[in-house]
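The structure under discussion appears below in the form of structure tokens.
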Amino acid sequence: MVTRTAQSVLKDTFGYDTFRGFQAEVIEHVSQGGDALVLMPTGGGKSLTYQIPAMLRKGVGVVVSPLIALMQDQVMALTEAGVRAAFLNSSLSSAQAAAVERQMRGGELDLVYIAPERLTGERCQRLLGDVAQGVGLALFAIDEAHCVSQWGHDFRPEYGQLAILRDRFDTVPRLALTATADVPTREEIAERLLMNPRVFVASFDRPNIRYRIIEKREPREQLLRFIREEHAADAGIVYCLARSTVDEVAALLCDSGVPALPYHAGMDAASRSANQSAFLQEDGRVMVATIAFGMGIDKPDVRFVAHLDMPKSIEGYFQETGRAGRDDQPADAWMTYGLADVVQQRRLIEMSEADALYKRLSGTKLDAMLGLAEAADCRRVRLLSYFGEASAPCGNCDNCRAPPQRVDATEAARKLLSCIYRCQRDSGFGFAATHIIDVLRGKQTEKVAKFGHERLSTFGIGTELSEAEWRLLLRHLVAQHIVEVDHATFNVLRLTDASRAVLRGERTIELRHQITQPRRRSAKQRARTSATDDPLFEQLRVWRAQVAREHGVPAFVVFHDGTLRAIAQVQPKSLGELRTISGIGEKKLASYGEGLLALLATGP
Ligand code: ADP
Ligand code: ZN
């Protein structure tokens with residue numbers, strides 16, 4: 001029975017006790033020769049669904065992967081687990097490549113990762129033909145399969161040519177895998193790459209990720225506090241929109257004792273790749289990056305993803321935050337969000353060279369993201385419903401944990417709108433947020449005096465709210481298109497058609513009441529994600545770092561955090577006890593078992 005064997009490979013090689021979700025069904029289906037389309041969020045566990053059938057079936061399994069870094073990581077992790085794996089890509093010399101080809105023909109490999117452009121080339125097609133005739137092809141797995149879709153944002157022409165696999169090797173089962181779920185992309189993948197596939201769609205929920213979106217005040221200070229209080233010594237990613245911000249924030253964090261590294265497309269390739277491998281190999285590094293960083297980053301122990309600027313769509317937010325907690329341990333998705341984010345993203349869309357349809361689509365996606373950021377109810381429910389999935393309030397996001405009070409802000413909104421209107425009418429041109437709020441709060445500034453705005457009926461009618469509260473309200477109105485920010489003329493505020501509905505009392509405004517003090521989490525809550533609390537765990541991490549250096553592999557390839565935590569908790573006394581811990585297969589038991597027991601015997 002196929003599944004029993006799959007079960008033993010799961011335990012003996014990968015050290016896991018149970019399959020996740022529909023992993024077992026995919027493995028069974030593919031092992032019996034069927035095609036499969038596998039949709040799972042990042043971190044869901046797609047890799048095992050082709051790795052195990054490739055090991056169970058006769059011959060070599062071929063994995064198509066567009067990212068060289070990812071291939072190398074996967075092959076390293078597989079080799080470490082005792083699987084016979086290799087890759088063929090442009091990073092190999094021709095002698096090295098010839099050696100891999102020889103091993104393939106000789107049936108000495110279970111899995112070979114190949115770059116798509118190479119795979120469709122003549123040499124590789126000949127190689128595959130020989131292997132098919134000889135030791136056999138176990139399967140084709142096409143990772144990041146959405147790259148075949150012309151409508152997606154990651155379209156790669158070489159993916160289109162992968163149809164050749166179906167045409168030439170029609171008896172070899174194929175899997176297409178992706179974390180991009182929308183229905184048109186799904187159909188395109190099935191049509192171009194597969195034959196009568198079974199489609200497996202996983203939930204996109206990532207229950208171990210805690211979502212939190214906070215008001216942007218002094219973002220860099222807020223970030224520093226967040227890292228210090230909740231993630232000291234943890235690995236994390238900080239996303240910023242601009243390259244200059246990346247450099248500044250990385251420097252700031254370093255000055256403050258957080259081991260941060262910058263990453264953006266403006267850096268030279270050598271420093272970029274040095275920073276990337278430091279992030280992967282060493283414990284507790286914080287990568288400050290533009291979204292150029294992340295595709296194919298397979299590091300499982302990223303404990304937090306922080307956004308200093310808002311992504312332009314929920315897809316982007318989901319993909320970026322999804323890089324946290326791939327090991328299923330608690331992780332944080334943290335974002336600061338303010339008016340500038342709304343304005344900046346709208347400006348980017350307006351200024352882009354794209355056509356009108358694309359701009360409209362981008363606007364819709366941005367509005368959905370704003371809706372998530374402004375939401376007063378469960379973030380996870382919002383997020384999942386965007387991907388077509390119904391769910392109940394999660395109890396594990398900021399809004400569930402401390403439900404924001406909702407307040408009726410219609411009256412305040414009308415004051416704000418009339419103030420914008422009166423300033424503009426009085427002076428004949430518009431004003432930006434700072435001046436409007438000064439007028440509302442009755443502040444005697446130079447500008448107020450210059451324009452004589454203390455004479456306006458709206459002068460000083462808004463002393464009940466602080467400047468920050470006015471900004472919050474304004475941001476909310478801008479997000480809902482009730483006020484527009486005209487960036488062509490110094491971010492002047494303008495009324496829209498929707499403003500009139502509010503002024504006429506036809507539309508009410510509800511706000512989430514912001515707690516002025518940042519909430520502190522209890523020590524117990526913090527303990528769930530911070531690395532520094534358990535001395536034995538700390539000691540195991542030090543041991544792991546040392547072993548990783550000796551073996552020249554990233555720390556997580558030795559053991560995941562979850563495995564170390566379990567070891568720290570169980571404190572096994574024998575190899576037999578160690579074997580029961582999730583993440584310890586036979587090869588790792590043999591490599592590290594004795595060393596671990598010796599360490600545990602001495603204790604922290
Ligand atoms: P994806 O490719 O879908 O992003 P991966 O295949 O890289 O996800 O898996 C994410 C993490 O989950 C990996 O570290 C992997 O070892 C782990 N994992 C996968 N399946 C299981 C399982 N059945 N039990 C425990 N851990 C698993
Ligand atoms: Zn929630």
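Simple scheme: letters A, B, ... for chains in structure tokens order, numbers from 1 for residues in each chain, numbers from 1 for ligands in the order shown.
Taking only C-alpha atoms and all ligand atoms into account, every polymer residue with at least one atom at most 7 Å away from ligand 2 is listed here: Cys378, Arg379, Arg380, Val381, Pro393, Cys394, Gly395, Asn396, Cys397, Asp398, Asn399 and Cys400 of chain A.
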Take the residues that were just selected and, keeping all heavy atoms, output them as an mmCIF file, in the first residue's frame.
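Written out: again30.cif:
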data_model
loop_
_atom_site.group_PDB
_atom_site.id
_atom_site.type_symbol
_atom_site.label_atom_id
_atom_site.label_comp_id
_atom_site.auth_asym_id
_atom_site.auth_seq_id
_atom_site.Cartn_x
_atom_site.Cartn_y
_atom_site.Cartn_z
ATOM 1 N N CYS A 378 -12.132 41.261 12.742
ATOM 2 C CA CYS A 378 -11.034 40.292 12.612
ATOM 3 C C CYS A 378 -10.272 40.433 11.282
ATOM 4 O O CYS A 378 -10.832 40.336 10.203
ATOM 5 C CB CYS A 378 -11.571 38.869 12.754
ATOM 6 S SG CYS A 378 -10.304 37.607 12.525
ATOM 7 N N ARG A 379 -8.969 40.633 11.386
ATOM 8 C CA ARG A 379 -8.141 40.784 10.178
ATOM 9 C C ARG A 379 -8.118 39.496 9.376
ATOM 10 O O ARG A 379 -8.085 39.520 8.156
ATOM 11 C CB ARG A 379 -6.695 41.096 10.565
ATOM 12 C CG ARG A 379 -6.543 42.227 11.534
ATOM 13 C CD ARG A 379 -6.237 43.519 10.832
ATOM 14 N NE ARG A 379 -5.874 44.528 11.801
ATOM 15 C CZ ARG A 379 -6.096 45.826 11.638
ATOM 16 N NH1 ARG A 379 -6.674 46.276 10.536
ATOM 17 N NH2 ARG A 379 -5.731 46.680 12.559
ATOM 18 N N ARG A 380 -8.093 38.382 10.055
ATOM 19 C CA ARG A 380 -7.985 37.108 9.348
ATOM 20 C C ARG A 380 -9.249 36.836 8.536
ATOM 21 O O ARG A 380 -9.176 36.383 7.400
ATOM 22 C CB ARG A 380 -7.743 35.983 10.354
ATOM 23 C CG ARG A 380 -7.281 34.682 9.737
ATOM 24 C CD ARG A 380 -7.033 33.634 10.802
ATOM 25 N NE ARG A 380 -6.225 34.147 11.890
ATOM 26 C CZ ARG A 380 -4.894 34.102 11.898
ATOM 27 N NH1 ARG A 380 -4.244 33.552 10.910
ATOM 28 N NH2 ARG A 380 -4.220 34.604 12.907
ATOM 29 N N VAL A 381 -10.405 37.150 9.122
ATOM 30 C CA VAL A 381 -11.659 36.963 8.398
ATOM 31 C C VAL A 381 -11.622 37.788 7.110
ATOM 32 O O VAL A 381 -11.967 37.313 6.026
ATOM 33 C CB VAL A 381 -12.864 37.361 9.274
ATOM 34 C CG1 VAL A 381 -14.126 37.465 8.435
ATOM 35 C CG2 VAL A 381 -13.049 36.357 10.400
ATOM 36 N N PRO A 393 -14.086 34.610 13.451
ATOM 37 C CA PRO A 393 -13.069 35.464 14.072
ATOM 38 C C PRO A 393 -11.982 34.621 14.736
ATOM 39 O O PRO A 393 -12.272 33.618 15.380
ATOM 40 C CB PRO A 393 -13.860 36.264 15.106
ATOM 41 C CG PRO A 393 -15.232 36.320 14.546
ATOM 42 C CD PRO A 393 -15.438 35.016 13.817
ATOM 43 N N CYS A 394 -10.715 35.025 14.568
ATOM 44 C CA CYS A 394 -9.621 34.117 14.875
ATOM 45 C C CYS A 394 -9.156 34.150 16.320
ATOM 46 O O CYS A 394 -8.552 33.198 16.798
ATOM 47 C CB CYS A 394 -8.442 34.413 13.955
ATOM 48 S SG CYS A 394 -7.591 35.969 14.309
ATOM 49 N N GLY A 395 -9.403 35.246 17.002
ATOM 50 C CA GLY A 395 -8.917 35.333 18.371
ATOM 51 C C GLY A 395 -7.422 35.576 18.476
ATOM 52 O O GLY A 395 -6.865 35.614 19.565
ATOM 53 N N ASN A 396 -6.757 35.740 17.348
ATOM 54 C CA ASN A 396 -5.293 35.828 17.374
ATOM 55 C C ASN A 396 -4.773 37.001 16.547
ATOM 56 O O ASN A 396 -3.630 37.017 16.120
ATOM 57 C CB ASN A 396 -4.703 34.505 16.865
ATOM 58 C CG ASN A 396 -3.208 34.412 17.090
ATOM 59 O OD1 ASN A 396 -2.691 34.995 18.044
ATOM 60 N ND2 ASN A 396 -2.520 33.704 16.221
ATOM 61 N N CYS A 397 -5.629 37.987 16.253
ATOM 62 C CA CYS A 397 -5.135 39.186 15.584
ATOM 63 C C CYS A 397 -5.358 40.368 16.533
ATOM 64 O O CYS A 397 -6.013 40.223 17.566
ATOM 65 C CB CYS A 397 -5.851 39.418 14.255
ATOM 66 S SG CYS A 397 -7.585 39.865 14.404
ATOM 67 N N ASP A 398 -4.822 41.523 16.187
ATOM 68 C CA ASP A 398 -4.945 42.667 17.096
ATOM 69 C C ASP A 398 -6.406 43.005 17.390
ATOM 70 O O ASP A 398 -6.787 43.216 18.542
ATOM 71 C CB ASP A 398 -4.194 43.891 16.542
ATOM 72 C CG ASP A 398 -4.560 44.230 15.103
ATOM 73 O OD1 ASP A 398 -5.329 43.458 14.476
ATOM 74 O OD2 ASP A 398 -4.090 45.257 14.599
ATOM 75 N N ASN A 399 -7.236 42.997 16.366
ATOM 76 C CA ASN A 399 -8.630 43.383 16.573
ATOM 77 C C ASN A 399 -9.416 42.376 17.397
ATOM 78 O O ASN A 399 -10.319 42.744 18.136
ATOM 79 C CB ASN A 399 -9.328 43.601 15.225
ATOM 80 C CG ASN A 399 -8.852 44.870 14.549
ATOM 81 O OD1 ASN A 399 -8.180 45.697 15.178
ATOM 82 N ND2 ASN A 399 -9.172 45.039 13.284
ATOM 83 N N CYS A 400 -9.069 41.086 17.261
ATOM 84 C CA CYS A 400 -9.750 40.082 18.072
ATOM 85 C C CYS A 400 -9.274 40.167 19.517
ATOM 86 O O CYS A 400 -10.051 40.022 20.451
ATOM 87 C CB CYS A 400 -9.472 38.678 17.561
ATOM 88 S SG CYS A 400 -10.457 38.224 16.128
#
Any residue with an atom at most 9 Å from ligand 1 counts, using only C-alpha atoms and all ligand atoms. Which are they? Put them as a tab-separated table (two decimals) with C-alpha atoms, in the first residue's frame.
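Contents of result_7.tsv, as written:
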chain	number	residue	atom	x	y	z
A	10	LEU	CA	7.84	10.90	6.19
A	14	PHE	CA	11.96	13.88	7.27
A	15	GLY	CA	11.29	13.00	10.89
A	16	TYR	CA	7.63	14.04	10.85
A	17	ASP	CA	4.81	11.98	12.33
A	18	THR	CA	1.78	13.09	10.38
A	19	PHE	CA	0.98	14.56	7.01
A	20	ARG	CA	-0.44	18.03	6.85
A	21	GLY	CA	-3.74	18.77	5.14
A	23	GLN	CA	-0.33	16.00	1.52
A	24	ALA	CA	-1.06	12.27	1.82
A	39	LEU	CA	-2.58	25.20	-4.39
A	40	MET	CA	-1.23	25.85	-0.94
A	41	PRO	CA	-0.12	29.03	0.73
A	42	THR	CA	3.57	29.62	1.19
A	43	GLY	CA	4.79	27.43	4.01
A	44	GLY	CA	1.92	25.01	3.57
A	45	GLY	CA	4.19	22.09	2.78
A	46	LYS	CA	4.11	21.74	-1.00
A	47	SER	CA	7.61	20.29	-1.31
A	48	LEU	CA	6.86	16.96	0.32
A	49	THR	CA	4.01	16.36	-2.12
A	74	GLN	CA	16.26	22.57	-1.19
A	143	ASP	CA	7.05	24.78	-8.84
A	177	LEU	CA	2.41	23.82	-7.53
A	178	THR	CA	1.68	27.40	-6.61
A	179	ALA	CA	0.69	29.68	-3.75
A	296	GLY	CA	12.19	31.93	-2.98
A	298	ASP	CA	12.65	29.41	2.19
A	299	LYS	CA	13.88	30.19	5.68
A	300	PRO	CA	11.40	28.52	8.02
A	301	ASP	CA	12.27	30.33	11.27
A	322	GLY	CA	3.53	34.59	4.58
A	323	ARG	CA	7.31	34.44	4.81
A	325	GLY	CA	6.52	31.28	10.57
A	326	ARG	CA	6.85	28.68	7.87
A	327	ASP	CA	7.86	26.25	10.61
A	328	ASP	CA	4.36	26.55	12.13
A	556	PHE	CA	17.56	25.63	9.95
A	557	VAL	CA	18.86	22.86	7.71
A	560	HIS	CA	14.07	23.88	12.80
A	582	SER	CA	9.19	15.86	15.25
A	583	GLY	CA	11.83	16.87	12.73
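Coordinates place CA of Arg84 (chain A) at a distance of 7.2 Å from CA of Glu108 (chain A).
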State, in Å with one decimal place, the distance from CA of Thr290 (chain A) to CA of Asn89 (chain A).
26.2 Å
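Counting from CA of Val172 (chain A), the distance to CA of Ser149 (chain A) is 22.5 Å.
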May I have the residues within 10 Å of Leu252 (chain A) as a VMD selection string, using only C-alpha atoms and disregarding those fewer than 5 positions away in the same chain?
chain A and resid 220 to 221 224 246 to 247 257 to 258 260
Selection from above, N, CA and C atoms, as an mmCIF file, in the first residue's frame, can you write it?
data_model
loop_
_atom_site.group_PDB
_atom_site.id
_atom_site.type_symbol
_atom_site.label_atom_id
_atom_site.label_comp_id
_atom_site.auth_asym_id
_atom_site.auth_seq_id
_atom_site.Cartn_x
_atom_site.Cartn_y
_atom_site.Cartn_z
ATOM 1 N N ARG A 220 9.902 54.394 12.907
ATOM 2 C CA ARG A 220 11.174 53.721 13.183
ATOM 3 C C ARG A 220 11.317 53.394 14.659
ATOM 4 N N GLU A 221 10.853 54.335 15.496
ATOM 5 C CA GLU A 221 10.839 54.068 16.945
ATOM 6 C C GLU A 221 9.908 52.908 17.268
ATOM 7 N N LEU A 224 11.550 49.665 16.305
ATOM 8 C CA LEU A 224 12.617 49.309 17.229
ATOM 9 C C LEU A 224 12.041 48.743 18.517
ATOM 10 N N VAL A 246 15.353 51.701 3.205
ATOM 11 C CA VAL A 246 15.999 50.439 3.565
ATOM 12 C C VAL A 246 17.360 50.709 4.195
ATOM 13 N N ASP A 247 18.166 51.521 3.511
ATOM 14 C CA ASP A 247 19.512 51.800 4.022
ATOM 15 C C ASP A 247 19.452 52.483 5.385
ATOM 16 N N GLY A 257 21.776 48.071 18.075
ATOM 17 C CA GLY A 257 22.141 46.743 18.553
ATOM 18 C C GLY A 257 21.352 45.590 17.939
ATOM 19 N N VAL A 258 20.542 45.880 16.926
ATOM 20 C CA VAL A 258 19.831 44.800 16.234
ATOM 21 C C VAL A 258 20.661 44.426 14.997
ATOM 22 N N ALA A 260 21.042 43.972 11.793
ATOM 23 C CA ALA A 260 20.241 44.117 10.574
ATOM 24 C C ALA A 260 21.114 44.211 9.339
#
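Proximity to Gln281 (chain A) was assessed for A:Cys419, A:Ala235, A:Met267, A:Ala390 counting only C-alpha atoms; the smallest distance is recorded for A:Ala235.
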For Asp283 (chain A), work out the shell of residues within 10 Å, counting only C-alpha atoms and skipping chain neighbours fewer than 6 positions away, then give it as a PyMOL selection string.
chain A and resi 233-235+259+301-302+541-542+544-545+554-556
Each residue of region 56-106 of chain A with at least one atom at most 9 Å from region 121-129 of chain A should appear once, together with its nearest atom pair and the corresponding distance in Å (one decimal); atoms considered: only C-alpha atoms; ordering: chain, then increasing residue number; output as JSON lines.
{"residue": "A:Glu101", "atom": "CA", "partner": "A:Leu127", "partner_atom": "CA", "distance": 7.3}
{"residue": "A:Met104", "atom": "CA", "partner": "A:Leu127", "partner_atom": "CA", "distance": 8.5}
{"residue": "A:Arg105", "atom": "CA", "partner": "A:Leu127", "partner_atom": "CA", "distance": 7.8}
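Residue neighbourhood of Glu389 (chain A), excluding near-sequence residues (fewer than 4 positions): A:Ser203, A:Phe204, A:Leu384, A:Ser385, at 8 Å, using only C-alpha atoms.
Between Leu511 (chain A) and the residues A:Ala413, A:Ala232, A:Val26, A:Val75, the shortest atom-to-atom distance, using only C-alpha atoms, involves A:Ala413.
Remark: for Thr508 (chain A), the closest of the candidate residues A:Met351, A:Arg414, A:Tyr358, A:Pro173 is A:Arg414 (distances computed over only C-alpha atoms).
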Neighbouring residues of region 50-59 of chain A were defined as those with any atom within 8 Å, considering only C-alpha atoms; residues of the same chain fewer than 5 positions away were excluded. Please report them as a PDB file with N, CA, C and O atoms, in the first residue's frame.
ATOM      1  N   THR A   5       4.019   3.282   2.862  1.00  0.00           N
ATOM      2  CA  THR A   5       5.394   3.586   2.539  1.00  0.00           C
ATOM      3  C   THR A   5       5.650   5.091   2.647  1.00  0.00           C
ATOM      4  O   THR A   5       6.673   5.510   3.171  1.00  0.00           O
ATOM      5  N   ALA A   6       4.712   5.867   2.145  1.00  0.00           N
ATOM      6  CA  ALA A   6       4.856   7.315   2.232  1.00  0.00           C
ATOM      7  C   ALA A   6       5.010   7.721   3.699  1.00  0.00           C
ATOM      8  O   ALA A   6       5.849   8.556   4.046  1.00  0.00           O
ATOM      9  N   VAL A   9       8.512   7.016   4.873  1.00  0.00           N
ATOM     10  CA  VAL A   9       9.471   8.004   4.360  1.00  0.00           C
ATOM     11  C   VAL A   9       9.319   9.306   5.159  1.00  0.00           C
ATOM     12  O   VAL A   9      10.301   9.944   5.540  1.00  0.00           O
ATOM     13  N   LEU A  10       8.088   9.675   5.428  1.00  0.00           N
ATOM     14  CA  LEU A  10       7.837  10.904   6.186  1.00  0.00           C
ATOM     15  C   LEU A  10       8.569  10.864   7.518  1.00  0.00           C
ATOM     16  O   LEU A  10       9.236  11.815   7.917  1.00  0.00           O
ATOM     17  N   ILE A  27       0.191  12.762  -2.544  1.00  0.00           N
ATOM     18  CA  ILE A  27       1.275  11.786  -2.704  1.00  0.00           C
ATOM     19  C   ILE A  27       0.729  10.475  -3.270  1.00  0.00           C
ATOM     20  O   ILE A  27       1.279   9.911  -4.217  1.00  0.00           O
ATOM     21  N   GLU A  28      -0.377  10.039  -2.753  1.00  0.00           N
ATOM     22  CA  GLU A  28      -0.991   8.803  -3.234  1.00  0.00           C
ATOM     23  C   GLU A  28      -1.403   8.939  -4.707  1.00  0.00           C
ATOM     24  O   GLU A  28      -1.114   8.089  -5.538  1.00  0.00           O
ATOM     25  N   VAL A  30      -0.347  11.014  -7.045  1.00  0.00           N
ATOM     26  CA  VAL A  30       0.785  11.149  -7.963  1.00  0.00           C
ATOM     27  C   VAL A  30       1.593   9.845  -8.016  1.00  0.00           C
ATOM     28  O   VAL A  30       2.050   9.440  -9.084  1.00  0.00           O
ATOM     29  N   SER A  31       1.730   9.195  -6.883  1.00  0.00           N
ATOM     30  CA  SER A  31       2.486   7.942  -6.873  1.00  0.00           C
ATOM     31  C   SER A  31       1.836   6.924  -7.802  1.00  0.00           C
ATOM     32  O   SER A  31       2.497   6.076  -8.383  1.00  0.00           O
ATOM     33  N   GLY A 107      20.903   6.386 -12.567  1.00  0.00           N
ATOM     34  CA  GLY A 107      19.888   6.086 -11.563  1.00  0.00           C
ATOM     35  C   GLY A 107      20.383   6.320 -10.144  1.00  0.00           C
ATOM     36  O   GLY A 107      19.921   5.698  -9.191  1.00  0.00           O
ATOM     37  N   LEU A 109      20.142   9.194  -8.529  1.00  0.00           N
ATOM     38  CA  LEU A 109      19.480  10.348  -7.911  1.00  0.00           C
ATOM     39  C   LEU A 109      17.968  10.115  -7.828  1.00  0.00           C
ATOM     40  O   LEU A 109      17.373   9.513  -8.721  1.00  0.00           O
ATOM     41  N   ASP A 110      17.380  10.610  -6.743  1.00  0.00           N
ATOM     42  CA  ASP A 110      15.918  10.563  -6.628  1.00  0.00           C
ATOM     43  C   ASP A 110      15.282  11.837  -7.146  1.00  0.00           C
ATOM     44  O   ASP A 110      14.173  11.836  -7.658  1.00  0.00           O
ATOM     45  N   LEU A 111      15.994  12.955  -6.960  1.00  0.00           N
ATOM     46  CA  LEU A 111      15.419  14.245  -7.318  1.00  0.00           C
ATOM     47  C   LEU A 111      16.465  15.137  -7.970  1.00  0.00           C
ATOM     48  O   LEU A 111      17.573  15.272  -7.451  1.00  0.00           O
ATOM     49  N   VAL A 135      16.642   4.425 -16.666  1.00  0.00           N
ATOM     50  CA  VAL A 135      16.175   4.224 -15.292  1.00  0.00           C
ATOM     51  C   VAL A 135      14.751   4.730 -15.074  1.00  0.00           C
ATOM     52  O   VAL A 135      14.112   4.387 -14.090  1.00  0.00           O
ATOM     53  N   GLY A 136      14.280   5.563 -15.958  1.00  0.00           N
ATOM     54  CA  GLY A 136      12.892   6.031 -15.855  1.00  0.00           C
ATOM     55  C   GLY A 136      12.767   7.405 -15.218  1.00  0.00           C
ATOM     56  O   GLY A 136      13.654   7.860 -14.483  1.00  0.00           O
ATOM     57  N   LEU A 137      11.671   8.090 -15.548  1.00  0.00           N
ATOM     58  CA  LEU A 137      11.353   9.387 -14.946  1.00  0.00           C
ATOM     59  C   LEU A 137      10.222   9.168 -13.944  1.00  0.00           C
ATOM     60  O   LEU A 137       9.166   8.647 -14.300  1.00  0.00           O
ATOM     61  N   ALA A 138      10.458   9.542 -12.705  1.00  0.00           N
ATOM     62  CA  ALA A 138       9.448   9.304 -11.667  1.00  0.00           C
ATOM     63  C   ALA A 138       8.288  10.285 -11.795  1.00  0.00           C
ATOM     64  O   ALA A 138       7.131   9.923 -11.657  1.00  0.00           O
ATOM     65  N   LEU A 139       8.620  11.537 -12.031  1.00  0.00           N
ATOM     66  CA  LEU A 139       7.580  12.562 -12.150  1.00  0.00           C
ATOM     67  C   LEU A 139       8.201  13.885 -12.571  1.00  0.00           C
ATOM     68  O   LEU A 139       9.424  14.042 -12.527  1.00  0.00           O
ATOM     69  N   ALA A 141       7.724  17.868 -11.408  1.00  0.00           N
ATOM     70  CA  ALA A 141       7.062  18.809 -10.510  1.00  0.00           C
ATOM     71  C   ALA A 141       7.396  20.209 -10.983  1.00  0.00           C
ATOM     72  O   ALA A 141       8.560  20.541 -11.186  1.00  0.00           O
ATOM     73  N   LEU A 175       3.062  17.334 -11.446  1.00  0.00           N
ATOM     74  CA  LEU A 175       2.424  18.188 -10.451  1.00  0.00           C
ATOM     75  C   LEU A 175       2.743  19.624 -10.793  1.00  0.00           C
ATOM     76  O   LEU A 175       3.879  19.944 -11.130  1.00  0.00           O
TER      77      LEU A 175
END
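Comparing A:Asp35, A:Glu350, A:Asp167, A:Glu594 by their smallest distance to His487 (chain A), the closest is A:Glu350 (using only C-alpha atoms).
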